[in-house]
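Asker: Pasting run_29.csv here (CSV, C-alpha atoms):
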chain,number,residue,atom,x,y,z
A,1,MET,CA,189.7,-39.2,67.5
A,2,LYS,CA,189.6,-36.1,69.7
A,3,ILE,CA,188.8,-32.4,69.2
A,4,LYS,CA,192.1,-30.7,68.6
A,5,GLU,CA,193.6,-28.5,71.3
A,6,ASP,CA,193.2,-25.4,69.1
A,7,GLY,CA,189.4,-25.9,69.1
A,8,GLU,CA,189.1,-27.0,65.5
A,9,THR,CA,186.6,-29.8,65.2
A,10,PRO,CA,187.3,-32.6,62.6
A,11,CYS,CA,183.7,-32.7,61.5
A,12,ALA,CA,182.2,-34.0,58.3
A,13,ARG,CA,178.8,-34.4,56.8
A,14,PHE,CA,178.0,-38.0,55.8
A,15,GLU,CA,175.3,-39.1,53.4
A,16,CYS,CA,174.1,-42.5,52.4
A,17,PRO,CA,173.9,-42.9,48.5
A,18,ARG,CA,171.2,-45.6,48.9
A,19,CYS,CA,168.6,-44.1,51.2
A,20,GLN,CA,169.9,-40.4,51.4
A,21,HIS,CA,170.2,-40.5,55.2
A,22,SER,CA,172.6,-37.9,56.4
A,23,ASP,CA,174.3,-36.9,59.6
A,24,TYR,CA,177.5,-35.3,61.0
A,25,ARG,CA,180.4,-37.3,62.4
A,26,MET,CA,183.9,-36.8,63.7
A,27,SER,CA,186.1,-37.4,60.7
A,28,THR,CA,189.0,-36.0,58.7
A,29,ALA,CA,187.8,-37.6,55.5
A,30,SER,CA,187.6,-35.4,52.4
A,31,PRO,CA,184.4,-34.6,50.5
A,32,GLY,CA,183.6,-37.3,47.9
A,33,GLU,CA,185.5,-39.9,49.8
A,34,GLU,CA,183.8,-43.2,50.5
A,35,THR,CA,184.4,-44.3,54.1
A,36,GLN,CA,183.8,-47.4,56.2
A,37,GLU,CA,181.1,-45.6,58.1
A,38,ARG,CA,177.8,-47.5,57.8
A,39,CYS,CA,174.3,-46.0,57.4
A,40,PRO,CA,172.2,-46.6,60.5
A,41,ARG,CA,169.1,-47.1,58.4
A,42,CYS,CA,170.1,-49.4,55.5
A,43,GLY,CA,173.7,-50.4,56.4
A,44,ALA,CA,175.2,-49.1,53.2
A,45,LEU,CA,178.7,-47.4,53.2
A,46,MET,CA,178.3,-43.6,53.5
A,47,THR,CA,180.1,-40.9,51.6
A,48,VAL,CA,181.5,-37.5,52.9
A,49,THR,CA,179.6,-34.6,51.2
A,50,GLY,CA,181.0,-31.7,53.1
A,51,ARG,CA,183.2,-30.4,55.9
A,52,VAL,CA,181.1,-27.5,57.3
A,53,THR,CA,180.0,-27.7,60.9
A,54,PRO,CA,176.4,-26.3,61.4
A,55,ASP,CA,175.8,-23.7,64.0
A,56,TRP,CA,173.7,-25.9,66.3
A,57,LEU,CA,176.5,-28.5,66.4
A,58,SER,CA,179.2,-25.9,66.9
A,59,PHE,CA,177.4,-24.6,69.9
A,60,VAL,CA,177.0,-28.0,71.5
A,61,LEU,CA,180.6,-29.0,70.7
A,62,GLY,CA,181.9,-25.7,72.2
A,63,GLU,CA,180.0,-26.2,75.4
A,64,ILE,CA,181.1,-29.8,75.8
A,65,GLY,CA,184.7,-28.8,75.2
A,66,LYS,CA,184.6,-26.7,78.3
A,67,CYS,CA,184.5,-29.8,80.5
A,68,CYS,CA,185.3,-32.9,78.4
A,69,GLU,CA,187.3,-34.2,75.5
A,70,VAL,CA,185.1,-35.5,72.7
A,71,GLU,CA,186.3,-38.9,71.5
A,72,ASP,CA,183.7,-39.4,68.8
A,73,PHE,CA,180.2,-38.2,67.9
A,74,VAL,CA,177.2,-38.8,65.5
A,75,ALA,CA,174.8,-35.9,65.2
A,76,ARG,CA,171.6,-34.8,63.5
A,77,GLU,CA,169.7,-31.7,64.4
A,78,ASP,CA,167.1,-33.6,66.4
A,79,ARG,CA,169.5,-36.1,68.1
A,80,MET,CA,173.2,-36.0,68.9
A,81,GLU,CA,175.4,-38.6,70.6
A,82,PHE,CA,178.9,-37.8,72.0
A,83,GLU,CA,181.5,-40.1,73.5
A,84,VAL,CA,183.3,-38.0,76.0
A,85,ARG,CA,186.2,-38.3,78.5
A,86,PRO,CA,186.0,-37.8,81.4
A,87,ALA,CA,182.4,-37.9,82.4
A,88,PRO,CA,180.9,-34.4,82.8
A,89,SER,CA,180.8,-33.2,86.4
A,90,LYS,CA,177.5,-32.8,88.2
A,91,SER,CA,177.7,-29.0,88.2
A,92,PHE,CA,178.7,-28.7,84.5
A,93,PHE,CA,175.9,-31.1,83.5
A,94,LEU,CA,173.2,-28.9,85.2
A,95,ARG,CA,174.6,-25.7,83.6
A,96,PHE,CA,174.7,-27.4,80.2
A,97,LEU,CA,171.2,-28.7,80.6
A,98,LYS,CA,169.9,-25.2,81.4
A,99,LYS,CA,171.5,-23.8,78.3
A,100,LEU,CA,170.2,-26.5,76.1
A,101,LYS,CA,166.6,-26.1,77.4
A,102,GLY,CA,166.9,-22.4,76.3
A,103,ARG,CA,167.5,-23.8,72.8
A,104,GLY,CA,164.8,-26.4,72.9
A,105,TYR,CA,167.0,-29.4,73.8
A,106,ILE,CA,167.6,-31.7,76.8
A,107,CYS,CA,170.6,-33.9,77.4
A,108,ALA,CA,171.4,-37.1,79.2
A,109,VAL,CA,174.6,-38.9,80.2
A,110,ARG,CA,175.1,-42.6,80.5
A,111,THR,CA,177.9,-45.1,80.9
A,112,VAL,CA,178.0,-47.5,77.9
A,113,ASP,CA,180.6,-50.3,77.7
A,114,GLY,CA,182.9,-48.4,80.1
A,115,SER,CA,182.7,-45.1,78.3
A,116,SER,CA,180.7,-41.9,79.0
A,117,ARG,CA,178.0,-41.1,76.4
A,118,LEU,CA,176.4,-37.7,76.3
A,119,TYR,CA,173.0,-37.5,74.4
A,120,VAL,CA,171.4,-34.3,73.2
A,121,VAL,CA,167.8,-34.5,71.8
A,122,ARG,CA,165.0,-32.2,71.0
A,123,ALA,CA,162.7,-31.5,74.0
A,124,GLN,CA,159.1,-32.3,73.6
A,125,ARG,CA,156.7,-29.3,73.8
A,126,PRO,CA,155.1,-29.3,77.3
A,127,GLN,CA,151.4,-29.9,77.5
A,128,ARG,CA,149.0,-27.5,79.3
A,129,GLY,CA,148.0,-28.1,82.9
A,130,ARG,CA,144.3,-28.9,82.6
A,131,LEU,CA,143.4,-27.1,85.8
A,132,SER,CA,139.7,-27.5,85.3
A,133,LEU,CA,140.1,-31.3,85.3
A,134,SER,CA,142.2,-31.2,88.4
A,135,PHE,CA,139.7,-29.1,90.3
A,136,GLY,CA,136.8,-31.3,89.0
A,137,LEU,CA,138.5,-34.4,90.3
A,138,LEU,CA,139.3,-32.8,93.6
A,139,ALA,CA,135.6,-31.9,94.1
A,140,ALA,CA,134.6,-35.4,93.1
A,141,THR,CA,137.1,-37.0,95.5
A,142,ALA,CA,135.9,-34.7,98.3
A,143,LEU,CA,132.4,-36.0,97.7
A,144,SER,CA,133.3,-39.6,97.4
A,145,THR,CA,135.4,-39.6,100.5
A,146,PHE,CA,132.6,-37.9,102.4
A,147,LEU,CA,130.1,-40.4,101.3
A,148,ALA,CA,132.4,-43.3,102.3
A,149,GLY,CA,132.9,-41.8,105.7
A,150,ARG,CA,129.2,-40.9,106.1
A,151,TYR,CA,127.6,-44.1,104.9
A,152,LEU,CA,130.3,-46.9,105.1
A,153,LEU,CA,132.5,-46.1,108.0
A,154,PHE,CA,131.0,-43.8,110.7
A,155,GLY,CA,127.3,-43.2,110.0
A,156,SER,CA,127.5,-39.5,110.8
A,157,THR,CA,127.5,-36.4,108.5
A,158,SER,CA,130.0,-34.6,110.7
A,159,MET,CA,132.3,-37.6,110.9
A,160,GLY,CA,132.1,-38.0,107.1
A,161,ILE,CA,133.2,-34.4,106.7
A,162,LEU,CA,136.1,-34.8,109.1
A,163,PHE,CA,137.3,-38.0,107.4
A,164,SER,CA,137.1,-36.4,103.9
A,165,PHE,CA,139.0,-33.4,105.2
A,166,ALA,CA,141.8,-35.5,106.6
A,167,ILE,CA,142.2,-37.8,103.6
A,168,ILE,CA,142.2,-34.8,101.1
A,169,SER,CA,144.7,-32.9,103.2
A,170,MET,CA,147.2,-35.8,103.5
A,171,LEU,CA,146.9,-36.7,99.8
A,172,GLY,CA,147.1,-33.1,98.8
A,173,ALA,CA,150.2,-32.5,101.0
A,174,HIS,CA,151.8,-35.6,99.4
A,175,GLU,CA,151.3,-34.4,95.8
A,176,LEU,CA,152.1,-30.8,96.5
A,177,ALA,CA,155.4,-31.8,98.0
A,178,HIS,CA,156.2,-33.8,94.9
A,179,MET,CA,155.3,-30.8,92.7
A,180,LEU,CA,157.3,-28.2,94.7
A,181,ALA,CA,160.4,-30.5,94.7
A,182,ALA,CA,160.1,-31.0,91.0
A,183,ARG,CA,159.7,-27.3,90.2
A,184,LYS,CA,162.8,-26.6,92.4
A,185,HIS,CA,164.8,-28.7,90.0
A,186,GLY,CA,163.2,-27.2,86.9
A,187,ILE,CA,161.0,-30.3,86.2
A,188,GLN,CA,157.6,-29.4,84.6
A,189,THR,CA,154.7,-31.3,86.1
A,190,SER,CA,150.9,-31.5,85.8
A,191,PRO,CA,148.7,-30.3,88.6
A,192,PRO,CA,147.7,-33.0,91.1
A,193,PHE,CA,144.8,-35.3,89.9
A,194,PHE,CA,142.8,-36.9,92.7
A,195,ILE,CA,141.1,-40.2,91.9
A,196,PRO,CA,137.6,-40.7,93.2
A,197,PHE,CA,136.6,-44.3,93.7
A,198,PRO,CA,133.5,-46.0,95.1
A,199,SER,CA,135.0,-47.9,98.0
A,200,ALA,CA,135.3,-47.9,101.8
A,201,LEU,CA,137.9,-45.0,101.4
A,202,GLY,CA,136.2,-43.2,98.6
A,203,THR,CA,139.5,-42.7,96.6
A,204,MET,CA,142.4,-44.4,95.0
A,205,GLY,CA,144.8,-41.6,95.9
A,206,ALA,CA,146.2,-38.8,93.8
A,207,ILE,CA,148.9,-38.5,91.1
A,208,ILE,CA,151.0,-35.9,89.4
A,209,GLU,CA,152.7,-36.4,86.0
A,210,MET,CA,156.3,-35.4,85.6
A,211,ARG,CA,156.7,-34.2,82.0
A,212,GLU,CA,160.5,-34.7,81.9
A,213,PRO,CA,163.0,-36.9,83.8
A,214,PRO,CA,164.8,-35.5,86.9
A,215,PRO,CA,168.1,-33.9,86.0
A,216,SER,CA,170.2,-35.8,88.5
A,217,ARG,CA,170.1,-38.7,91.0
A,218,ASP,CA,170.0,-36.1,93.8
A,219,ALA,CA,166.9,-34.5,92.2
A,220,MET,CA,165.3,-38.0,91.8
A,221,VAL,CA,165.8,-38.7,95.5
A,222,GLU,CA,164.4,-35.4,96.5
A,223,VAL,CA,161.3,-35.5,94.3
A,224,GLY,CA,160.6,-39.2,95.1
A,225,SER,CA,161.0,-38.7,98.8
A,226,ALA,CA,159.2,-35.3,99.2
A,227,GLY,CA,155.7,-36.7,98.9
A,228,PRO,CA,156.0,-39.6,101.4
A,229,ILE,CA,157.8,-37.4,103.9
A,230,ALA,CA,155.1,-34.7,103.7
A,231,GLY,CA,152.3,-37.1,103.8
A,232,PHE,CA,153.8,-39.0,106.7
A,233,ILE,CA,154.3,-35.8,108.8
A,234,LEU,CA,150.6,-34.8,108.3
A,235,ALA,CA,149.5,-38.4,109.0
A,236,VAL,CA,151.3,-38.3,112.4
A,237,VAL,CA,149.5,-35.1,113.2
A,238,PHE,CA,146.0,-36.4,112.3
A,239,LEU,CA,146.7,-39.8,113.9
A,240,THR,CA,147.8,-38.3,117.2
A,241,VAL,CA,144.8,-35.9,117.4
A,242,GLY,CA,142.5,-38.7,116.3
A,243,LEU,CA,143.7,-41.1,118.9
A,244,ILE,CA,143.2,-38.5,121.6
A,245,LEU,CA,139.7,-38.0,120.4
A,246,SER,CA,138.9,-41.7,120.1
A,247,SER,CA,136.7,-43.4,122.7
A,248,PRO,CA,137.2,-46.8,124.4
A,249,ALA,CA,135.5,-49.8,122.9
A,250,GLU,CA,134.7,-53.2,124.4
A,251,GLU,CA,136.0,-55.2,121.4
A,252,GLY,CA,137.1,-54.8,117.9
A,253,GLY,CA,140.2,-53.2,116.4
A,254,LEU,CA,142.3,-53.3,113.3
A,255,TYR,CA,144.0,-56.6,112.4
A,256,LEU,CA,147.1,-55.0,111.1
A,257,SER,CA,148.3,-51.7,112.4
A,258,PRO,CA,151.5,-49.8,111.5
A,259,LEU,CA,154.3,-49.9,114.1
A,260,LEU,CA,153.9,-46.1,114.7
A,261,PHE,CA,150.2,-46.5,115.3
A,262,VAL,CA,150.8,-49.1,118.0
A,263,PHE,CA,153.6,-46.9,119.5
A,264,LEU,CA,151.4,-43.8,119.7
A,265,ARG,CA,148.5,-45.7,121.2
A,266,ARG,CA,150.7,-47.0,124.0
A,267,LEU,CA,152.5,-43.7,124.4
A,268,LEU,CA,149.1,-41.9,125.0
A,269,GLY,CA,148.1,-44.6,127.4
A,270,LEU,CA,145.0,-45.7,125.4
A,271,PRO,CA,143.3,-49.0,125.7
A,272,GLN,CA,143.7,-51.8,123.1
A,273,PHE,CA,140.2,-51.5,121.7
A,274,LEU,CA,139.0,-48.1,120.5
A,275,ASN,CA,136.2,-46.5,118.5
A,276,LEU,CA,138.5,-44.6,116.1
A,277,HIS,CA,137.9,-41.0,115.4
A,278,PRO,CA,137.9,-40.2,111.6
A,279,PHE,CA,141.2,-38.4,112.0
A,280,ALA,CA,142.8,-41.5,113.5
A,281,TYR,CA,141.4,-43.8,110.9
A,282,ALA,CA,142.5,-41.5,108.1
A,283,GLY,CA,146.0,-41.4,109.7
A,284,TRP,CA,146.1,-45.2,109.9
A,285,VAL,CA,145.1,-45.4,106.2
A,286,MET,CA,147.8,-42.9,105.2
A,287,LEU,CA,150.5,-44.8,107.1
A,288,VAL,CA,149.6,-48.0,105.2
A,289,VAL,CA,149.6,-46.1,101.9
A,290,THR,CA,153.0,-44.6,102.7
A,291,MET,CA,154.4,-48.0,103.5
A,292,LEU,CA,153.2,-49.4,100.2
A,293,ASN,CA,154.4,-46.3,98.3
A,294,LEU,CA,157.9,-46.5,99.8
A,295,MET,CA,158.5,-50.0,98.7
A,296,PRO,CA,161.6,-49.9,96.3
A,297,LEU,CA,159.5,-51.1,93.4
A,298,GLY,CA,159.6,-49.8,89.8
A,299,GLN,CA,158.4,-46.2,89.6
A,300,LEU,CA,156.8,-46.0,93.0
A,301,ASP,CA,158.2,-43.2,95.2
A,302,GLY,CA,160.4,-45.7,97.0
A,303,GLY,CA,161.4,-47.0,93.6
A,304,HIS,CA,162.6,-43.6,92.5
A,305,VAL,CA,164.7,-43.3,95.6
A,306,ALA,CA,166.1,-46.9,95.2
A,307,ARG,CA,166.8,-46.4,91.5
A,308,ALA,CA,168.9,-43.3,92.2
A,309,VAL,CA,170.9,-45.1,94.9
A,310,LEU,CA,171.3,-48.5,93.3
A,311,GLY,CA,171.5,-47.8,89.6
A,312,PRO,CA,169.5,-49.5,86.8
A,313,GLU,CA,170.5,-53.1,87.0
A,314,ARG,CA,170.5,-53.6,90.8
A,315,HIS,CA,167.2,-51.7,91.1
A,316,PHE,CA,165.6,-53.9,88.5
A,317,ARG,CA,166.8,-57.1,90.1
A,318,LEU,CA,165.5,-55.8,93.5
A,319,THR,CA,162.1,-54.9,91.9
A,320,ARG,CA,161.7,-58.4,90.4
A,321,SER,CA,162.8,-60.2,93.5
A,322,LEU,CA,160.7,-58.2,95.9
A,323,SER,CA,157.6,-58.5,93.6
A,324,LEU,CA,158.0,-62.3,93.7
A,325,PHE,CA,158.5,-62.3,97.4
A,326,LEU,CA,155.4,-60.3,98.0
A,327,PHE,CA,153.4,-62.5,95.7
A,328,LEU,CA,154.6,-65.7,97.5
A,329,THR,CA,153.4,-64.3,100.9
A,330,GLY,CA,149.9,-65.0,99.6
A,331,PHE,CA,150.6,-68.7,99.9
A,332,VAL,CA,152.1,-68.5,103.4
A,333,PHE,CA,149.9,-65.7,104.8
A,334,PRO,CA,146.7,-65.7,102.7
A,335,GLU,CA,145.1,-63.2,105.0
A,336,LEU,CA,147.7,-60.5,104.0
A,337,PRO,CA,147.0,-58.5,100.8
A,338,PHE,CA,150.6,-58.1,99.9
A,339,TRP,CA,150.4,-60.8,97.2
A,340,VAL,CA,148.2,-58.5,95.2
A,341,TRP,CA,150.7,-55.8,95.4
A,342,GLY,CA,153.5,-58.2,94.3
A,343,PHE,CA,151.5,-59.5,91.4
A,344,LEU,CA,150.7,-55.9,90.2
A,345,ALA,CA,154.3,-54.8,90.6
A,346,PHE,CA,155.6,-57.9,88.7
A,347,ILE,CA,153.3,-57.0,85.8
A,348,LEU,CA,153.5,-53.2,85.8
A,349,PHE,CA,157.3,-52.9,86.4
A,350,SER,CA,158.6,-55.3,83.8
A,351,ARG,CA,161.1,-52.9,82.5
A,352,GLU,CA,164.0,-51.0,84.0
A,353,HIS,CA,163.4,-47.6,85.5
A,354,PRO,CA,164.6,-45.0,82.9
A,355,GLY,CA,166.5,-43.0,85.6
A,356,PRO,CA,167.6,-39.4,85.7
A,357,LEU,CA,169.2,-37.4,82.9
A,358,ASP,CA,172.6,-37.5,84.7
A,359,ASP,CA,172.9,-41.2,85.6
A,360,VAL,CA,176.6,-41.0,86.1
A,361,SER,CA,177.2,-38.6,89.0
A,362,PRO,CA,177.0,-40.1,92.5
A,363,ILE,CA,174.3,-38.9,94.9
A,364,GLY,CA,175.3,-36.3,97.5
A,365,ARG,CA,175.1,-36.2,101.3
A,366,THR,CA,171.6,-34.7,101.4
A,367,ALA,CA,170.2,-37.4,99.1
A,368,LYS,CA,171.7,-40.0,101.4
A,369,VAL,CA,170.1,-38.5,104.4
A,370,ARG,CA,166.7,-38.4,102.6
A,371,THR,CA,167.2,-42.0,101.6
A,372,ALA,CA,167.9,-43.0,105.3
A,373,LEU,CA,164.8,-41.0,106.4
A,374,CYS,CA,162.6,-42.8,103.9
A,375,LEU,CA,163.9,-46.2,105.2
A,376,PHE,CA,163.1,-45.1,108.7
A,377,ILE,CA,159.6,-44.0,107.8
A,378,PHE,CA,159.0,-47.2,105.9
A,379,ILE,CA,159.9,-49.2,109.0
A,380,LEU,CA,157.6,-47.1,111.2
A,381,CYS,CA,154.8,-47.8,108.8
A,382,LEU,CA,155.3,-51.6,108.6
A,383,PRO,CA,152.2,-53.5,109.8
A,384,THR,CA,152.3,-55.4,113.1
A,385,PRO,CA,149.7,-58.2,113.8
A,386,GLY,CA,147.0,-57.1,116.2
A,387,TRP,CA,147.2,-54.0,118.5
If you convert what's in this file into structure tokens, what do you get?
Answerer:
Amino acid sequence: MKIKEDGETPCARFECPRCQHSDYRMSTASPGEETQERCPRCGALMTVTGRVTPDWLSFVLGEIGKCCEVEDFVAREDRMEFEVRPAPSKSFFLRFLKKLKGRGYICAVRTVDGSSRLYVVRAQRPQRGRLSLSFGLLAATALSTFLAGRYLLFGSTSMGILFSFAIISMLGAHELAHMLAARKHGIQTSPPFFIPFPSALGTMGAIIEMREPPPSRDAMVEVGSAGPIAGFILAVVFLTVGLILSSPAEEGGLYLSPLLFVFLRRLLGLPQFLNLHPFAYAGWVMLVVTMLNLMPLGQLDGGHVARAVLGPERHFRLTRSLSLFLFLTGFVFPELPFWVWGFLAFILFSREHPGPLDDVSPIGRTAKVRTALCLFIFILCLPTPGW
């Protein structure tokens, strides 16, 4: 059944006589008439109790009618589901989402059994930013990375300060890029939270929390790729400066070095063995972190990009397959730590990525370029044995 061309909506209020559940559905049935519609709660047959369309539903139907034909719908004030044809365009969906947010709703579009379904639900009230916690964790991480550089890595106060500065700068650039890209697309986020940790690095990184899904696949690619790209650029700067400031050594070195690390060392004409400057070591660490983060797994940054490009089913299969492959490397190459990453990914990413709100529209050219750039960065950060 469709909305009539004159704009009149065949809408009726249904109520379950057994559990009193009620909702609005597309129907021409008369009040008092028992229908074949089933109650979603108890399964009993529902009865039509009225034919008045409430204002909130009239608004949504009117907006959808500007782009699509409504084939069917079931609606309550806090949740509405519409079967539409054709699927809403990318531009219409973004305009519709903006209008809905002004009324306290968000929407999503999915393909279900070959048809397009548009969902409208109440938006959750955003939480406050907790800036004091963010600054407190930043100070704690600055201290923990300084202590790691001073006592565990370089044995010098000045070197510890430089190491802490480089790590904080690169992690901060990574998270700030995520946050700016999210806000560009109207996505509310938390402030960045740094994670201090007593280890050789002094930190387990930093995170931000997206408080709502990205509006589109394009937005998901941009938000997911912004952090790794920004962190990578700054890592190249610190790595280059650090390699220039490093001094020759008689022996030693890093067992696994990113491809870009080896390329820059050779480009600068440096010897195989070096006493790494804190900037160079921090840059090396950031390249490894970027490589791990760009793996197309679950909800890692690379996972966001891959989910936008591949869709839910193919991305989930890729996540499970790659997790298993990484885990099995532990039996073939026990000296490599990737088996731990694979094990954690297999446990943590056991469900499909939820995806963007508009999971129907294809990605655009800019998103494809960003995806290719992420793949290129990932290759540059891959480890090579020895120097």
Asker: Might you pull out every residue within 12 Å of Leu270 of chain A, with all atoms listed in the file counted and same-chain residues fewer than 3 positions away left off, and present them as a list in words?
Answerer: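 Answer for this query is Thr240, Gly242, Leu243, Ile244, Leu245, Ser246, Ser247, Pro248, Ala249, Phe261, Val262, Phe263, Leu264, Arg265, Arg266, Leu267, Phe273, Leu274, Asn275, Leu276 and Trp387 of chain A.
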Asker: Suppose we keep C-alpha atoms; can you now write the selection as a PDB file, in the coordinates of the input?
Answerer:
ATOM      1  CA  THR A 240     147.800 -38.300 117.200  1.00  0.00           C
ATOM      2  CA  GLY A 242     142.500 -38.700 116.300  1.00  0.00           C
ATOM      3  CA  LEU A 243     143.700 -41.100 118.900  1.00  0.00           C
ATOM      4  CA  ILE A 244     143.200 -38.500 121.600  1.00  0.00           C
ATOM      5  CA  LEU A 245     139.700 -38.000 120.400  1.00  0.00           C
ATOM      6  CA  SER A 246     138.900 -41.700 120.100  1.00  0.00           C
ATOM      7  CA  SER A 247     136.700 -43.400 122.700  1.00  0.00           C
ATOM      8  CA  PRO A 248     137.200 -46.800 124.400  1.00  0.00           C
ATOM      9  CA  ALA A 249     135.500 -49.800 122.900  1.00  0.00           C
ATOM     10  CA  PHE A 261     150.200 -46.500 115.300  1.00  0.00           C
ATOM     11  CA  VAL A 262     150.800 -49.100 118.000  1.00  0.00           C
ATOM     12  CA  PHE A 263     153.600 -46.900 119.500  1.00  0.00           C
ATOM     13  CA  LEU A 264     151.400 -43.800 119.700  1.00  0.00           C
ATOM     14  CA  ARG A 265     148.500 -45.700 121.200  1.00  0.00           C
ATOM     15  CA  ARG A 266     150.700 -47.000 124.000  1.00  0.00           C
ATOM     16  CA  LEU A 267     152.500 -43.700 124.400  1.00  0.00           C
ATOM     17  CA  PHE A 273     140.200 -51.500 121.700  1.00  0.00           C
ATOM     18  CA  LEU A 274     139.000 -48.100 120.500  1.00  0.00           C
ATOM     19  CA  ASN A 275     136.200 -46.500 118.500  1.00  0.00           C
ATOM     20  CA  LEU A 276     138.500 -44.600 116.100  1.00  0.00           C
ATOM     21  CA  TRP A 387     147.200 -54.000 118.500  1.00  0.00           C
TER      22      TRP A 387
END
Asker: Mind giving me the straight-line distance from atom CA of Ala142 of chain A to atom CA of Phe154 of chain A in Å, one decimal?
Answerer: 16.1 Å
Asker: Taking the point (151.2, -62.6, 101.3) as given in the file, collect each protein or nucleic acid residue that comes within 12 Å of it, counting all atoms listed in the file, and present the set as a PyMOL selection string.
Answerer: chain A and resi 322-343
Asker: So that I can check the surroundings of segment 232-239 of chain A, please list as a PyMOL selection string every protein, DNA and RNA residue that reaches within 7 Å of it, counting all atoms listed in the file and ignoring chain neighbours fewer than 3 positions away.
Answerer: chain A and resi 170+228-229+242-243+279-280+283-284+286-287+290
Asker: Go through A:Leu268, A:Ile168, A:Leu373, A:Leu348 one by one, measure the shortest atom-to-atom distance of each to Leu143 of chain A using only C-alpha atoms, and give the residue with the smallest value.
Answerer: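 For Leu143 of chain A, the nearest of the given residues is A:Ile168.
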Asker: When you draw a straight line from atom CA of Ile167 of chain A to atom CA of Glu222 of chain A, how long is it in Å?
Answerer: 23.4 Å
Asker: For segment 52-66 of chain A, find every residue with an atom within 9 Å (counting only C-alpha atoms), except residues of its own chain fewer than 3 positions away, and show them as number ranges by chain.
Answerer: A: 3, 7, 9-13, 24, 69-70, 75-77, 80, 84, 88, 92, 96, 100, 120
Asker: Which of these residues is nearest to Ile161 of chain A, using all atoms listed in the file: A:Pro278, A:Pro215, A:Gly224, A:Pro191?
Answerer: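 Of A:Pro278, A:Pro215, A:Gly224, A:Pro191, the one nearest Ile161 of chain A is A:Pro278, counting all atoms listed in the file.
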Asker: Using all atoms listed in the file, which of A:Arg18, A:His185, A:Arg51, A:His277 sits nearest Cys39 of chain A?
Answerer: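 Of all the options, A:Arg18 lies closest to Cys39 of chain A.
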Asker: Considering all atoms listed in the file, can you say which of A:Cys107, A:Cys381, A:Val369, A:Val360 comes closest to Pro86 of chain A?
Answerer: A:Val360
Asker: For Arg85 of chain A, find every residue with an atom within 10 Å (counting all atoms listed in the file), except residues of its own chain fewer than 5 positions away, and show them as a ChimeraX atom specification.
Answerer: /A:2,67-71,115-117
Asker: Between atom CA of His174 of chain A and atom CA of Ala230 of chain A, measure the distance and give it in Å to one decimal.
Answerer: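 Here the two named atoms are 5.5 Å from each other.
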Asker: Please provide the set of residues having any atom within 10 Å of Ile106 of chain A, restricted to only C-alpha atoms, with same-chain residues fewer than 6 positions apart removed, written as JSON, numbers by chain.
Answerer: {"A": [79, 96, 97, 98, 99, 100, 119, 120, 121, 122, 123, 124, 212, 213, 215, 357]}
Asker: For Lys90 of chain A, which residue out of A:Arg25, A:Arg130, A:Arg217, A:Arg314 is the nearest one, using all atoms listed in the file?
Answerer: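 Ranking A:Arg25, A:Arg130, A:Arg217, A:Arg314 by distance to Lys90 of chain A, first place goes to A:Arg217.
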Asker: Nearest to Gly298 of chain A among A:Leu344, A:Leu94, A:Val285, A:Val109, with distances taken over all atoms listed in the file: which residue is it?
Answerer: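 Nearest to Gly298 of chain A: A:Leu344.
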